[in-house]
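*Asks:* Before anything else, here's the structure in question.
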Amino acid sequence: MILGMFIVTYIPRVLPLIALQKEIISKIESWLKYIPTATFSSIISMNLLGFTTFGQTELIKLFTALICLITAVKTKKLIMTMIVGLIVYIAISLLIV
Amino acid sequence: MNKDVIRGIKDSTPIIIGYISIAIAFGVISTALGLTPISTILMSIFVYAGASQFIAINLLSIGASILEIILTTFFVNLRHLLMSTVVSTKIRGGDIKKRLILAHGITDETFAMTAIKSEDISYLYLISLYITCFSSWVFGTAIGALLAFNLPNIITDALSFVLIAFFIVLLILSIDSKTTILVAIISFLVTPILALFIKEASIVITIIIGSLMGVCIEKCMKTR
């Protein structure tokens, strides 16, 4: 898996440096810029809604994700949002159990 | 020491601070989710792409296939085509062999550092910038992987949730227009529907549908 990931991350990094024409790249530019948004949204959705059972854990995840979303929109800070998510998640888990 | 080398190392300091903290988080979570410290560190050396590495360990933990992980990685990192193209027009010197090494060092952050420079940049400057950033990423991962030894269950559960928090921030940072908001909403809704039918490929198919919808929406808005 790591080797496969290495190959697919290395190709887009190396091609323009040694060969690829600028014209080809500029043609797909408008497509490329939407890929990150689609990817992250899809992965978040898969984690939050892609389960087969629905119980307490899923509810805690959804609620904490909402708090993280608000934190992310307000602060736009990576580590800060991760720490907020960690604390809220542990706090709720402890309260319920 | 060469002037360019010193400038490269100096410019890497703001990036290094961010890299070490995120790499520690990656090392901790990856090991807590069951990857060995060695695999975790190898991933940082060979893949060296923050978002993709977090995606890989997250998808592994929710049972995605290796092929889907690799394809998702491919799409996420296609954006480096643009960055690498800009770097290739600015770089002064460096033959093919040197460029083959240089390519591995291109990331969002090192690119941003070189993109704000108006003048041409030398190979020596780039390679010293890239090597210091790369080392800090691998170093941080190693620290995290060792820290994660024997964590209690509730912490590892919470750490796997932290991945979702990580993706939420990246999603928010990627949103810069009405079109991107629509792409985010469409992708969010399409994924669980696709997952009902083709669980193994729902993320990859959503990426293709969502990004192409973005292009269409952008064209529609222009013509109106």
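In the structure tokens, chains take the letters A, B, ... in the order shown, each chain's residues start at 1, and ligands count up from 1 in the order shown.
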Go through chain A residue by residue and, counting only C-alpha atoms, keep those with an atom at most 8 Å from chain B; for each kept residue give the shortest atom pair and its distance in Å to one decimal, ordered by chain and increasing number, as a Markdown table.

*Replies:*
```
| residue | atom | partner | partner_atom | distance |
| --- | --- | --- | --- | --- |
| A:Met1 | CA | B:Ile66 | CA | 6.2 |
| A:Ile2 | CA | B:Met43 | CA | 5.9 |
| A:Leu3 | CA | B:Phe46 | CA | 7.4 |
| A:Gly4 | CA | B:Ile70 | CA | 6.2 |
| A:Met5 | CA | B:Ile70 | CA | 5.4 |
| A:Phe6 | CA | B:Val47 | CA | 4.7 |
| A:Val8 | CA | B:Phe74 | CA | 5.0 |
| A:Thr9 | CA | B:Asn77 | CA | 5.8 |
| A:Tyr10 | CA | B:His104 | CA | 6.2 |
| A:Pro12 | CA | B:Leu81 | CA | 4.8 |
| A:Arg13 | CA | B:Ala103 | CA | 5.2 |
| A:Val14 | CA | B:Ala103 | CA | 4.8 |
| A:Leu15 | CA | B:Leu81 | CA | 7.4 |
| A:Pro16 | CA | B:Thr85 | CA | 4.9 |
| A:Leu17 | CA | B:Ser88 | CA | 5.0 |
| A:Ile18 | CA | B:Ile96 | CA | 6.5 |
| A:Lys22 | CA | B:Thr85 | CA | 6.7 |
| A:Ile25 | CA | B:Leu82 | CA | 6.7 |
| A:Glu29 | CA | B:Leu82 | CA | 7.3 |
| A:Ser30 | CA | B:Val215 | CA | 6.4 |
| A:Trp31 | CA | B:Val215 | CA | 5.8 |
| A:Leu32 | CA | B:Arg79 | CA | 6.0 |
| A:Lys33 | CA | B:Arg79 | CA | 7.1 |
| A:Tyr34 | CA | B:Ser211 | CA | 4.8 |
| A:Ile35 | CA | B:Ser211 | CA | 5.2 |
| A:Pro36 | CA | B:Val76 | CA | 5.9 |
| A:Thr37 | CA | B:Leu171 | CA | 5.7 |
| A:Ala38 | CA | B:Ile207 | CA | 5.1 |
| A:Thr39 | CA | B:Ile207 | CA | 5.3 |
| A:Phe40 | CA | B:Leu171 | CA | 5.5 |
| A:Ser41 | CA | B:Phe188 | CA | 5.2 |
| A:Ser42 | CA | B:Phe188 | CA | 5.2 |
| A:Ile43 | CA | B:Ile203 | CA | 6.7 |
| A:Ile44 | CA | B:Ile164 | CA | 6.2 |
| A:Ser45 | CA | B:Phe188 | CA | 5.2 |
| A:Met46 | CA | B:Pro192 | CA | 6.2 |
| A:Asn47 | CA | B:Ile164 | CA | 7.5 |
| A:Leu49 | CA | B:Pro192 | CA | 6.0 |
| A:Gly50 | CA | B:Pro192 | CA | 5.3 |
| A:Lys61 | CA | B:Phe161 | CA | 7.3 |
| A:Ala65 | CA | B:Ala165 | CA | 6.6 |
| A:Cys68 | CA | B:Ala165 | CA | 5.9 |
| A:Leu69 | CA | B:Ile168 | CA | 6.2 |
| A:Ala72 | CA | B:Val169 | CA | 5.3 |
| A:Val73 | CA | B:Ile172 | CA | 6.4 |
| A:Lys76 | CA | B:Val169 | CA | 6.6 |
| A:Lys77 | CA | B:Val169 | CA | 7.2 |
| A:Leu78 | CA | B:Val169 | CA | 6.0 |
| A:Ile79 | CA | B:Ile22 | CA | 7.3 |
| A:Thr81 | CA | B:Ala165 | CA | 6.4 |
| A:Met82 | CA | B:Ala165 | CA | 5.3 |
| A:Ile83 | CA | B:Val162 | CA | 7.7 |
| A:Gly85 | CA | B:Val162 | CA | 6.0 |
| A:Leu86 | CA | B:Ala158 | CA | 5.7 |
| A:Tyr89 | CA | B:Ala158 | CA | 6.0 |
| A:Ile90 | CA | B:Ala158 | CA | 6.1 |
```

*Asks:* Env of Gln56 in chain A: 10 Å cut, atoms = only C-alpha atoms, seq-sep filter 4 positions within chain, self excluded. Answer as a PyMOL selection string.

*Replies:* chain A and resi 60-62+93+96

*Asks:* Using the selection just defined, write its residues with C-alpha atoms as an mmCIF file, in the first residue's frame.

*Replies:*
```cif
data_model
loop_
_atom_site.group_PDB
_atom_site.id
_atom_site.type_symbol
_atom_site.label_atom_id
_atom_site.label_comp_id
_atom_site.auth_asym_id
_atom_site.auth_seq_id
_atom_site.Cartn_x
_atom_site.Cartn_y
_atom_site.Cartn_z
ATOM 1 C CA ILE A 60 -21.431 11.384 19.605
ATOM 2 C CA LYS A 61 -19.433 11.539 16.366
ATOM 3 C CA LEU A 62 -22.065 13.639 14.598
ATOM 4 C CA SER A 93 -17.885 9.687 26.072
ATOM 5 C CA ILE A 96 -22.449 9.098 28.915
#
```

*Asks:* As a ChimeraX atom specification, please: every residue in chain A that DSSP puts in alpha helix (DSSP H).

*Replies:* /A:2-18,22-32,35-49,56-75,78-96

*Asks:* Those residues with C-alpha atoms, as a short mmCIF file (atom, residue, chain, number, x, y, z; two decimals), in the first residue's frame please?

*Replies:*
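Saved the output as part33.cif:
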```cif
data_model
loop_
_atom_site.label_atom_id
_atom_site.label_comp_id
_atom_site.auth_asym_id
_atom_site.auth_seq_id
_atom_site.Cartn_x
_atom_site.Cartn_y
_atom_site.Cartn_z
CA ILE A 2 2.76 2.44 0.95
CA LEU A 3 4.58 1.71 -2.32
CA GLY A 4 1.41 2.29 -4.33
CA MET A 5 0.80 5.55 -2.48
CA PHE A 6 4.43 6.58 -3.13
CA ILE A 7 4.03 6.05 -6.88
CA VAL A 8 0.79 8.02 -7.16
CA THR A 9 2.07 10.93 -5.05
CA TYR A 10 5.40 11.08 -6.91
CA ILE A 11 3.99 11.13 -10.46
CA PRO A 12 2.18 14.51 -10.26
CA ARG A 13 5.17 16.00 -8.48
CA VAL A 14 7.79 14.90 -10.97
CA LEU A 15 6.07 15.06 -14.39
CA PRO A 16 5.96 18.85 -14.79
CA LEU A 17 9.55 19.17 -13.57
CA ILE A 18 10.95 16.90 -16.25
CA LYS A 22 2.32 23.87 -19.43
CA GLU A 23 -0.58 24.07 -21.91
CA ILE A 24 -1.93 20.65 -20.93
CA ILE A 25 -1.85 21.53 -17.25
CA SER A 26 -3.69 24.82 -17.70
CA LYS A 27 -6.47 22.96 -19.54
CA ILE A 28 -7.31 20.77 -16.58
CA GLU A 29 -6.65 23.47 -13.98
CA SER A 30 -10.32 24.28 -13.34
CA TRP A 31 -11.04 20.60 -12.76
CA LEU A 32 -8.09 20.11 -10.41
CA ILE A 35 -10.81 17.82 -6.23
CA PRO A 36 -9.69 18.61 -2.64
CA THR A 37 -13.15 19.93 -1.65
CA ALA A 38 -14.91 16.89 -3.12
CA THR A 39 -12.42 14.51 -1.48
CA PHE A 40 -12.58 15.87 2.05
CA SER A 41 -16.35 16.27 1.97
CA SER A 42 -16.74 12.70 0.74
CA ILE A 43 -14.43 11.25 3.39
CA ILE A 44 -16.14 13.17 6.22
CA SER A 45 -19.50 11.96 4.93
CA MET A 46 -18.27 8.36 4.71
CA ASN A 47 -17.10 8.53 8.33
CA LEU A 48 -20.27 10.15 9.65
CA LEU A 49 -23.00 8.63 7.49
CA GLN A 56 -24.67 6.14 20.62
CA THR A 57 -21.16 6.27 19.13
CA GLU A 58 -22.50 7.60 15.83
CA LEU A 59 -24.49 10.31 17.63
CA ILE A 60 -21.43 11.38 19.60
CA LYS A 61 -19.43 11.54 16.37
CA LEU A 62 -22.06 13.64 14.60
CA PHE A 63 -22.35 16.06 17.52
CA THR A 64 -18.58 16.45 17.93
CA ALA A 65 -18.18 16.90 14.18
CA LEU A 66 -20.66 19.78 14.33
CA ILE A 67 -18.64 21.45 17.09
CA CYS A 68 -15.45 20.92 15.07
CA LEU A 69 -17.11 22.45 12.01
CA ILE A 70 -18.01 25.57 13.98
CA THR A 71 -14.48 25.77 15.44
CA ALA A 72 -12.93 25.30 11.99
CA VAL A 73 -15.07 28.01 10.38
CA LYS A 74 -14.34 30.48 13.21
CA THR A 75 -10.62 29.84 13.75
CA LEU A 78 -5.76 22.91 12.28
CA ILE A 79 -4.21 21.84 15.59
CA MET A 80 -6.71 23.96 17.57
CA THR A 81 -9.72 22.24 15.95
CA MET A 82 -8.16 18.78 16.43
CA ILE A 83 -7.62 19.45 20.14
CA VAL A 84 -11.18 20.81 20.56
CA GLY A 85 -12.52 17.67 18.84
CA LEU A 86 -10.41 15.42 21.06
CA ILE A 87 -11.53 17.09 24.30
CA VAL A 88 -15.24 17.28 23.37
CA TYR A 89 -15.23 13.64 22.22
CA ILE A 90 -13.57 12.34 25.41
CA ALA A 91 -15.77 14.56 27.61
CA ILE A 92 -19.03 13.33 26.05
CA SER A 93 -17.89 9.69 26.07
CA LEU A 94 -17.03 9.94 29.78
CA LEU A 95 -20.30 11.71 30.63
CA ILE A 96 -22.45 9.10 28.92
#
```

*Asks:* So that I can see what lies close to range 110-115 of chain B, please list as a list in words the residues with an atom at most 8 Å from it, counting only C-alpha atoms and leaving out residues fewer than 6 positions away in the same chain.

*Replies:* Asp11, Ser12, Ile15, Met83, Val86, Val87, Ile121, Leu129, Tyr130 and Cys133 of chain B

*Asks:* Could you save those same residues with all heavy atoms as a tab-separated table (two decimals), in the first residue's frame?

*Replies:*
```tsv
chain	number	residue	atom	x	y	z
B	11	ASP	N	14.10	29.96	5.49
B	11	ASP	CA	12.71	30.01	5.04
B	11	ASP	C	11.90	28.80	5.49
B	11	ASP	O	10.67	28.83	5.48
B	11	ASP	CB	12.65	30.10	3.50
B	11	ASP	CG	12.87	31.53	3.03
B	11	ASP	OD1	13.01	32.42	3.90
B	11	ASP	OD2	12.91	31.76	1.81
B	12	SER	N	12.59	27.72	5.86
B	12	SER	CA	11.85	26.52	6.23
B	12	SER	C	11.33	26.57	7.66
B	12	SER	O	10.43	25.81	8.02
B	12	SER	CB	12.73	25.28	6.04
B	12	SER	OG	13.73	25.25	7.03
B	15	ILE	N	7.57	26.59	8.34
B	15	ILE	CA	6.96	25.33	7.88
B	15	ILE	C	7.28	24.21	8.87
B	15	ILE	O	6.42	23.41	9.22
B	15	ILE	CB	7.48	24.95	6.47
B	15	ILE	CG1	7.20	26.09	5.48
B	15	ILE	CG2	6.85	23.65	5.99
B	15	ILE	CD1	7.73	25.84	4.09
B	83	MET	N	1.41	22.88	-8.95
B	83	MET	CA	2.51	23.45	-8.18
B	83	MET	C	3.84	23.14	-8.84
B	83	MET	O	4.70	24.00	-9.00
B	83	MET	CB	2.50	22.88	-6.76
B	83	MET	CG	1.19	23.18	-6.06
B	83	MET	SD	1.15	22.46	-4.43
B	83	MET	CE	-0.56	22.77	-4.03
B	86	VAL	N	4.55	25.33	-11.80
B	86	VAL	CA	5.03	26.66	-11.45
B	86	VAL	C	6.50	26.61	-11.04
B	86	VAL	O	7.32	27.42	-11.49
B	86	VAL	CB	4.18	27.26	-10.31
B	86	VAL	CG1	4.74	28.61	-9.87
B	86	VAL	CG2	2.73	27.40	-10.74
B	87	VAL	N	6.84	25.62	-10.21
B	87	VAL	CA	8.24	25.49	-9.76
B	87	VAL	C	9.16	25.29	-10.97
B	87	VAL	O	10.22	25.89	-11.06
B	87	VAL	CB	8.39	24.32	-8.77
B	87	VAL	CG1	9.86	24.09	-8.43
B	87	VAL	CG2	7.61	24.59	-7.50
B	121	ILE	N	14.52	31.01	-8.63
B	121	ILE	CA	15.12	30.40	-7.46
B	121	ILE	C	16.13	29.34	-7.87
B	121	ILE	O	15.98	28.68	-8.89
B	121	ILE	CB	14.04	29.76	-6.55
B	121	ILE	CG1	12.89	29.21	-7.40
B	121	ILE	CG2	13.54	30.74	-5.53
B	121	ILE	CD1	11.66	28.87	-6.65
B	129	LEU	N	15.71	23.90	1.38
B	129	LEU	CA	14.36	24.12	1.94
B	129	LEU	C	13.61	22.78	2.05
B	129	LEU	O	13.04	22.43	3.07
B	129	LEU	CB	13.58	25.09	1.04
B	129	LEU	CG	12.10	25.29	1.35
B	129	LEU	CD1	11.92	26.16	2.58
B	129	LEU	CD2	11.36	25.96	0.17
B	130	TYR	N	13.64	22.01	0.95
B	130	TYR	CA	12.90	20.75	0.90
B	130	TYR	C	13.44	19.73	1.91
B	130	TYR	O	12.67	19.05	2.58
B	130	TYR	CB	12.96	20.15	-0.51
B	130	TYR	CG	12.13	20.89	-1.54
B	130	TYR	CD1	12.12	20.50	-2.87
B	130	TYR	CD2	11.35	21.99	-1.17
B	130	TYR	CE1	11.36	21.17	-3.81
B	130	TYR	CE2	10.60	22.67	-2.11
B	130	TYR	CZ	10.61	22.26	-3.43
B	130	TYR	OH	9.86	22.92	-4.36
B	133	CYS	N	12.44	20.60	5.57
B	133	CYS	CA	11.01	20.34	5.80
B	133	CYS	C	10.72	18.85	5.86
B	133	CYS	O	10.02	18.36	6.74
B	133	CYS	CB	10.16	20.98	4.70
B	133	CYS	SG	10.20	22.77	4.76
```

*Asks:* What is the CA of Phe197 in chain B to CA of Glu68 in chain B distance in Å?

*Replies:* 15.3 Å

*Asks:* Here is a test: counting only C-alpha atoms, which residue of B:Ile57, B:Thr31, B:Ser122, B:Ile24 is nearest to Arg7 in chain B?

*Replies:* B:Ser122
